[in-house]
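Structure below is input28.cif: mmCIF, C-alpha atoms.
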data_target
#
loop_
_atom_site.group_PDB
_atom_site.id
_atom_site.type_symbol
_atom_site.label_atom_id
_atom_site.label_comp_id
_atom_site.auth_asym_id
_atom_site.auth_seq_id
_atom_site.Cartn_x
_atom_site.Cartn_y
_atom_site.Cartn_z
ATOM 1 C CA GLY A 1 184.705 93.948 136.370
ATOM 2 C CA PHE A 2 182.319 93.848 139.217
ATOM 3 C CA ASP A 3 183.317 93.430 142.822
ATOM 4 C CA GLU A 4 181.665 90.795 145.027
ATOM 5 C CA ASP A 5 179.029 93.165 146.530
ATOM 6 C CA GLU A 6 177.929 94.391 143.111
ATOM 7 C CA VAL A 7 177.547 90.806 141.886
ATOM 8 C CA ARG A 8 175.372 89.914 144.895
ATOM 9 C CA LEU A 9 173.223 93.020 144.371
ATOM 10 C CA LEU A 10 172.808 92.150 140.702
ATOM 11 C CA GLU A 11 171.856 88.547 141.608
ATOM 12 C CA VAL A 12 169.286 89.789 144.124
ATOM 13 C CA LEU A 13 167.750 92.185 141.583
ATOM 14 C CA ILE A 14 167.569 89.523 138.892
ATOM 15 C CA GLY A 15 166.169 86.912 141.292
ATOM 16 C CA GLY A 16 163.590 89.346 142.653
ATOM 17 C CA GLY A 17 162.556 90.407 139.152
ATOM 18 C CA VAL A 18 162.124 86.804 138.008
ATOM 19 C CA ALA A 19 160.160 85.904 141.152
ATOM 20 C CA LEU A 20 157.876 88.925 140.734
ATOM 21 C CA THR A 21 157.280 88.137 137.065
ATOM 22 C CA VAL A 22 156.506 84.467 137.735
ATOM 23 C CA HIS A 23 154.217 85.362 140.641
ATOM 24 C CA THR A 24 152.386 88.015 138.643
ATOM 25 C CA LEU A 25 151.910 85.959 135.502
ATOM 26 C CA LEU A 26 151.477 82.440 136.847
ATOM 27 C CA PHE A 27 150.086 82.922 140.370
ATOM 28 C CA PRO A 28 148.432 86.351 140.442
ATOM 29 C CA PRO A 29 146.133 87.327 143.298
ATOM 30 C CA ASP A 30 142.422 86.842 142.695
ATOM 31 C CA PRO A 31 141.087 90.296 141.766
ATOM 32 C CA ARG A 32 137.623 89.361 143.015
ATOM 33 C CA THR A 33 138.810 89.213 146.633
ATOM 34 C CA GLU A 34 139.753 92.896 146.817
ATOM 35 C CA ILE A 35 136.689 93.916 144.818
ATOM 36 C CA ALA A 36 134.393 91.977 147.157
ATOM 37 C CA ARG A 37 135.990 93.662 150.180
ATOM 38 C CA ALA A 38 135.672 97.129 148.617
ATOM 39 C CA ALA A 39 132.072 96.481 147.504
ATOM 40 C CA SER A 40 131.083 95.335 150.998
ATOM 41 C CA ALA A 41 132.616 98.481 152.496
ATOM 42 C CA ALA A 42 130.889 100.753 149.969
ATOM 43 C CA PHE A 43 127.458 99.164 150.283
ATOM 44 C CA GLY A 44 127.911 99.021 154.044
ATOM 45 C CA GLU A 45 128.567 102.761 154.118
ATOM 46 C CA LEU A 46 125.539 103.407 151.881
ATOM 47 C CA GLY A 47 123.377 101.304 154.184
ATOM 48 C CA ALA A 48 124.720 103.127 157.257
ATOM 49 C CA ALA A 49 123.942 106.544 155.739
ATOM 50 C CA LEU A 50 120.380 105.460 154.974
ATOM 51 C CA HIS A 51 119.990 103.805 158.384
ATOM 52 C CA HIS A 52 121.042 106.987 160.217
ATOM 53 C CA GLY A 53 118.740 109.009 157.954
ATOM 54 C CA SER A 54 115.916 106.663 158.899
ATOM 55 C CA ALA A 55 116.651 107.082 162.610
ATOM 56 C CA ALA A 56 116.772 110.866 162.171
ATOM 57 C CA LEU A 57 113.341 110.953 160.526
ATOM 58 C CA ALA A 58 111.794 108.534 163.016
ATOM 59 C CA ALA A 59 112.880 110.522 166.072
ATOM 60 C CA GLY A 60 113.510 114.010 164.688
ATOM 61 C CA ASP A 61 117.103 113.577 165.872
ATOM 62 C CA VAL A 62 119.596 116.138 164.545
ATOM 63 C CA SER A 63 122.639 114.122 165.675
ATOM 64 C CA GLU A 64 121.417 111.096 163.677
ATOM 65 C CA ALA A 65 120.964 113.369 160.656
ATOM 66 C CA GLN A 66 124.554 114.582 161.078
ATOM 67 C CA SER A 67 125.770 110.972 161.324
ATOM 68 C CA ALA A 68 123.895 110.192 158.112
ATOM 69 C CA SER A 69 125.568 113.159 156.441
ATOM 70 C CA ARG A 70 129.054 112.058 157.521
ATOM 71 C CA ARG A 71 128.408 108.537 156.261
ATOM 72 C CA ALA A 72 127.101 109.828 152.919
ATOM 73 C CA GLU A 73 130.219 111.990 152.515
ATOM 74 C CA SER A 74 132.584 109.112 153.322
ATOM 75 C CA LEU A 75 130.749 106.973 150.786
ATOM 76 C CA GLU A 76 132.646 108.831 148.033
ATOM 77 C CA THR A 77 135.919 107.453 149.419
ATOM 78 C CA ARG A 78 134.496 103.927 149.511
ATOM 79 C CA VAL A 79 133.281 104.214 145.907
ATOM 80 C CA ALA A 80 136.735 105.459 144.848
ATOM 81 C CA GLU A 81 138.327 102.439 146.577
ATOM 82 C CA LEU A 82 135.948 100.118 144.739
ATOM 83 C CA ARG A 83 136.669 101.824 141.411
ATOM 84 C CA HIS A 84 140.408 101.397 142.057
ATOM 85 C CA ALA A 85 139.967 97.709 142.956
ATOM 86 C CA VAL A 86 138.017 97.118 139.733
ATOM 87 C CA LEU A 87 140.731 98.852 137.668
ATOM 88 C CA LEU A 88 143.452 96.756 139.302
ATOM 89 C CA GLY A 89 141.403 93.616 138.818
ATOM 90 C CA THR A 90 140.874 94.436 135.149
ATOM 91 C CA ASP A 91 144.609 94.920 134.674
ATOM 92 C CA THR A 92 145.331 91.639 136.461
ATOM 93 C CA ALA A 93 142.836 89.793 134.252
ATOM 94 C CA ARG A 94 144.348 91.364 131.149
ATOM 95 C CA TRP A 95 147.964 90.430 131.907
ATOM 96 C CA ALA A 96 147.709 87.220 133.924
ATOM 97 C CA PRO A 97 146.552 84.178 131.925
ATOM 98 C CA ALA A 98 145.345 82.451 135.103
ATOM 99 C CA ARG A 99 142.853 85.262 135.810
ATOM 100 C CA ARG A 100 141.421 85.905 132.347
ATOM 101 C CA GLN A 101 138.257 83.936 133.133
ATOM 102 C CA THR A 102 137.230 86.679 135.608
ATOM 103 C CA ARG A 103 136.699 89.264 132.851
ATOM 104 C CA VAL A 104 132.917 88.770 132.695
ATOM 105 C CA GLU A 105 132.593 89.316 136.449
ATOM 106 C CA LEU A 106 134.896 92.344 136.253
ATOM 107 C CA ASP A 107 132.699 93.885 133.538
ATOM 108 C CA ARG A 108 129.717 93.432 135.874
ATOM 109 C CA ASP A 109 131.706 95.021 138.695
ATOM 110 C CA ALA A 110 132.573 98.016 136.503
ATOM 111 C CA ARG A 111 128.856 98.548 135.836
ATOM 112 C CA MET A 112 128.193 98.185 139.566
ATOM 113 C CA VAL A 113 130.588 101.085 140.261
ATOM 114 C CA THR A 114 128.613 103.313 137.888
ATOM 115 C CA TYR A 115 125.354 102.561 139.679
ATOM 116 C CA LEU A 116 126.946 102.918 143.085
ATOM 117 C CA GLU A 117 128.271 106.368 142.136
ATOM 118 C CA LEU A 118 124.714 107.373 141.246
ATOM 119 C CA ALA A 119 123.411 105.918 144.521
ATOM 120 C CA ALA A 120 126.113 107.827 146.437
ATOM 121 C CA ARG A 121 125.105 111.152 144.858
ATOM 122 C CA ASN A 122 121.414 110.467 145.456
ATOM 123 C CA SER A 123 122.027 109.458 149.061
ATOM 124 C CA GLN A 124 123.915 112.703 149.682
ATOM 125 C CA ILE A 125 120.961 114.690 148.345
ATOM 126 C CA LEU A 126 118.504 112.583 150.340
ATOM 127 C CA VAL A 127 120.500 112.912 153.557
ATOM 128 C CA ARG A 128 120.865 116.668 153.037
ATOM 129 C CA ASN A 129 117.074 116.944 152.756
ATOM 130 C CA VAL A 130 116.647 114.786 155.877
ATOM 131 C CA GLN A 131 118.997 117.105 157.733
ATOM 132 C CA ILE A 132 117.064 120.192 156.594
ATOM 133 C CA TYR A 133 113.773 118.576 157.565
ATOM 134 C CA VAL A 134 114.952 117.504 161.019
ATOM 135 C CA ARG A 135 116.606 120.847 161.779
ATOM 136 C CA SER A 136 113.353 122.641 160.996
ATOM 137 C CA ARG A 137 111.817 120.779 163.974
ATOM 138 C CA ARG A 138 109.006 119.306 161.909
ATOM 139 C CA SER A 139 107.095 116.236 163.091
ATOM 140 C CA ALA A 140 108.672 112.777 162.903
ATOM 141 C CA GLN A 141 108.039 110.842 159.689
ATOM 142 C CA THR A 142 107.644 107.163 160.490
ATOM 143 C CA GLY A 143 106.572 106.195 156.950
ATOM 144 C CA LEU A 144 109.611 107.809 155.376
ATOM 145 C CA ALA A 145 111.809 106.449 158.142
ATOM 146 C CA ARG A 146 110.536 102.954 157.326
ATOM 147 C CA ALA A 147 111.261 103.545 153.627
ATOM 148 C CA LEU A 148 114.851 104.568 154.376
ATOM 149 C CA GLY A 149 115.239 101.620 156.724
ATOM 150 C CA ASP A 150 114.144 99.236 153.963
ATOM 151 C CA LEU A 151 116.601 100.871 151.557
ATOM 152 C CA ALA A 152 119.381 100.511 154.126
ATOM 153 C CA ARG A 153 118.661 96.791 154.493
ATOM 154 C CA ALA A 154 118.628 96.402 150.699
ATOM 155 C CA ALA A 155 122.025 98.135 150.439
ATOM 156 C CA TRP A 156 123.452 95.846 153.122
ATOM 157 C CA GLU A 157 122.089 92.775 151.294
ATOM 158 C CA LEU A 158 123.479 93.640 147.850
ATOM 159 C CA PRO A 159 127.073 92.408 148.326
ATOM 160 C CA GLY A 160 125.781 89.021 149.474
ATOM 161 C CA GLN A 161 123.547 88.846 146.416
ATOM 162 C CA PHE A 162 126.591 89.125 144.135
ATOM 163 C CA GLU A 163 128.040 86.000 145.724
ATOM 164 C CA GLU A 164 124.683 84.203 145.949
ATOM 165 C CA PRO A 165 122.503 85.411 143.033
ATOM 166 C CA TRP A 166 119.498 83.419 144.239
ATOM 167 C CA ARG A 167 119.153 86.063 147.008
ATOM 168 C CA SER A 168 118.417 88.877 144.538
ATOM 169 C CA GLY A 169 114.682 88.539 145.139
ATOM 170 C CA ASP A 170 115.193 89.636 148.741
ATOM 171 C CA VAL A 171 116.884 92.857 147.641
ATOM 172 C CA ILE A 172 114.186 93.605 145.080
ATOM 173 C CA LEU A 173 111.469 92.985 147.675
ATOM 174 C CA MET A 174 113.150 95.356 150.155
ATOM 175 C CA ALA A 175 113.503 98.061 147.490
ATOM 176 C CA LEU A 176 109.853 97.678 146.471
ATOM 177 C CA GLN A 177 108.769 97.906 150.119
ATOM 178 C CA ALA A 178 110.810 101.090 150.477
ATOM 179 C CA ALA A 179 109.159 102.571 147.399
ATOM 180 C CA GLY A 180 105.723 101.616 148.745
ATOM 181 C CA HIS A 181 106.390 103.241 152.127
ATOM 182 C CA ALA A 182 107.735 106.404 150.464
ATOM 183 C CA THR A 183 104.757 106.625 148.099
ATOM 184 C CA ALA A 184 102.286 106.155 150.957
ATOM 185 C CA ALA A 185 104.025 108.821 153.054
ATOM 186 C CA ALA A 186 104.047 111.300 150.187
ATOM 187 C CA ALA A 187 100.382 110.610 149.387
ATOM 188 C CA SER A 188 99.235 111.054 152.969
ATOM 189 C CA GLN A 189 100.964 114.425 153.380
ATOM 190 C CA GLN A 190 100.989 117.021 150.654
ATOM 191 C CA ASP A 191 103.809 118.849 152.449
ATOM 192 C CA LEU A 192 106.692 120.098 150.260
ATOM 193 C CA PRO A 193 109.451 119.279 152.809
ATOM 194 C CA VAL A 194 108.094 115.726 153.139
ATOM 195 C CA ASN A 195 108.030 115.290 149.350
ATOM 196 C CA GLU A 196 111.591 116.594 149.088
#
Render the structure in this file as structure tokens.
Amino acid sequence: GFDEDEVRLLEVLIGGGVALTVHTLLFPPDPRTEIARAASAAFGELGAALHHGSAALAAGDVSEAQSASRRAESLETRVAELRHAVLLGTDTARWAPARRQTRVELDRDARMVTYLELAARNSQILVRNVQIYVRSRRSAQTGLARALGDLARAAWELPGQFEEPWRSGDVILMALQAAGHATAAAASQQDLPVNE
């Protein structure tokens, strides 16, 4: 037989296991909450990298270019956190009947991670070129700075657009403005470092 302490330990383990199972299956956490937090952090970091890159180009400021570089590097961590949150959310939706209706949103979030990974890589390349440009003591580039500023605002707006889809036109407008400013800057200066 079991002594009294062993019986209590066994009761605690069984009770804890049942409670965990009931909580996980019947009252699981909403996977969208953690994904929304991770997405806001990732897009916030992307926006910050672009914002510092914009400030570096506008003023020819090397310290702003270095800040942009640090933000672009830390973006990888934020994207990894988002990817992890999406994986956990997918598992929760698979195993918890109460959360199965979130599968469509989780599929959208998984696609978002793919695009954010691409944006992270591109921002690192962009910020590296900003750093090279600023360190070479070339003239300030207000047109390109404006383009990066518009991109930063678009990145900051994206998480809100997921919650309120009617705002997507704002993000598209900001991205188009950024493209227009970048095109105008490249057309006005046929300088290789500017085009890079």
Check your understanding: Which residue, A:Thr90, A:Ala110, A:Pro159, A:Ala49, has the smallest gap to A:Arg37 when you use all atoms listed in the file?
Key ->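 The shortest atom-to-atom distance to A:Arg37 comes from A:Pro159.
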Practice item. Quote the spacing between atom CA of A:Ser188 and atom CA of A:Leu118 in Å to one decimal place. Key: 28.3 Å
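Distances to A:Val134 were evaluated for A:His51, A:Asn122, A:Gly149, A:Glu64 using only C-alpha atoms, and the minimum falls at A:Glu64.
All residues of protein, DNA or RNA that reach within 8 Å of A:Arg78, judged by only C-alpha atoms and not counting those fewer than 6 positions away in the chain, are Ala38, Ala41, Ala42 and Glu45 of chain A.
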Residue selection dump (C-alpha atoms) as a PDB file, keeping the file's coordinate frame:
ATOM      1  CA  ALA A  38     135.672  97.129 148.617  1.00  0.00           C
ATOM      2  CA  ALA A  41     132.616  98.481 152.496  1.00  0.00           C
ATOM      3  CA  ALA A  42     130.889 100.753 149.969  1.00  0.00           C
ATOM      4  CA  GLU A  45     128.567 102.761 154.118  1.00  0.00           C
TER       5      GLU A  45
END
Check your understanding: Residues at most 12 Å from A:Ser123, counting all atoms listed in the file, excluding those fewer than 2 positions away in the same chain, as a VMD selection string?
Key -> chain A and resid 43 45 to 54 68 to 76 116 to 121 125 to 131 148 151 to 152 155
**Study point:** Residue IDs satisfying the PyMOL selection byres ((chain A and resi 35) around 12), as a PyMOL selection string
**Key:** chain A and resi 29-34+36-43+78-90+102+105-110+112-113+159+162-163
Review point. Hey, what's within 10 Å of A:Tyr133 if we count all atoms listed in the file and toss same-chain stuff fewer than 2 positions away? As a PyMOL selection string, please?
Key: chain A and resi 56-57+60+62+65+127-131+135-141+193-194+196
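When you apply the PyMOL selection byres ((chain A and resi 173-178) around 10) to this structure, what comes back is Gly143, Leu144, Ala145, Arg146, Ala147, Leu148, Gly149, Asp150, Leu151, Ala152, Arg153, Ala154, Ala155, Glu157, Ser168, Gly169, Asp170, Val171, Ile172, Ala179, Gly180, His181, Ala182, Thr183 and Ala184 of chain A.
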**Study point:** Distance in Å - atom CA of A:Ala55 versus atom CA of A:Tyr115
**Key:**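 Rounded to one decimal, the two atoms are 24.9 Å apart.
When atom CA of A:Ser63 is paired with atom CA of A:Ile132, their separation reads 12.3 Å.
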Could you write out as AutoDock Vina command-line options the box around stretch 45-52 of chain A (axis-aligned, all atoms listed in the file, 8 Å on each side), with centre and edge lengths in Å to one decimal?
--center_x 124.3 --center_y 104.1 --center_z 156.0 --size_x 24.6 --size_y 21.7 --size_z 24.3
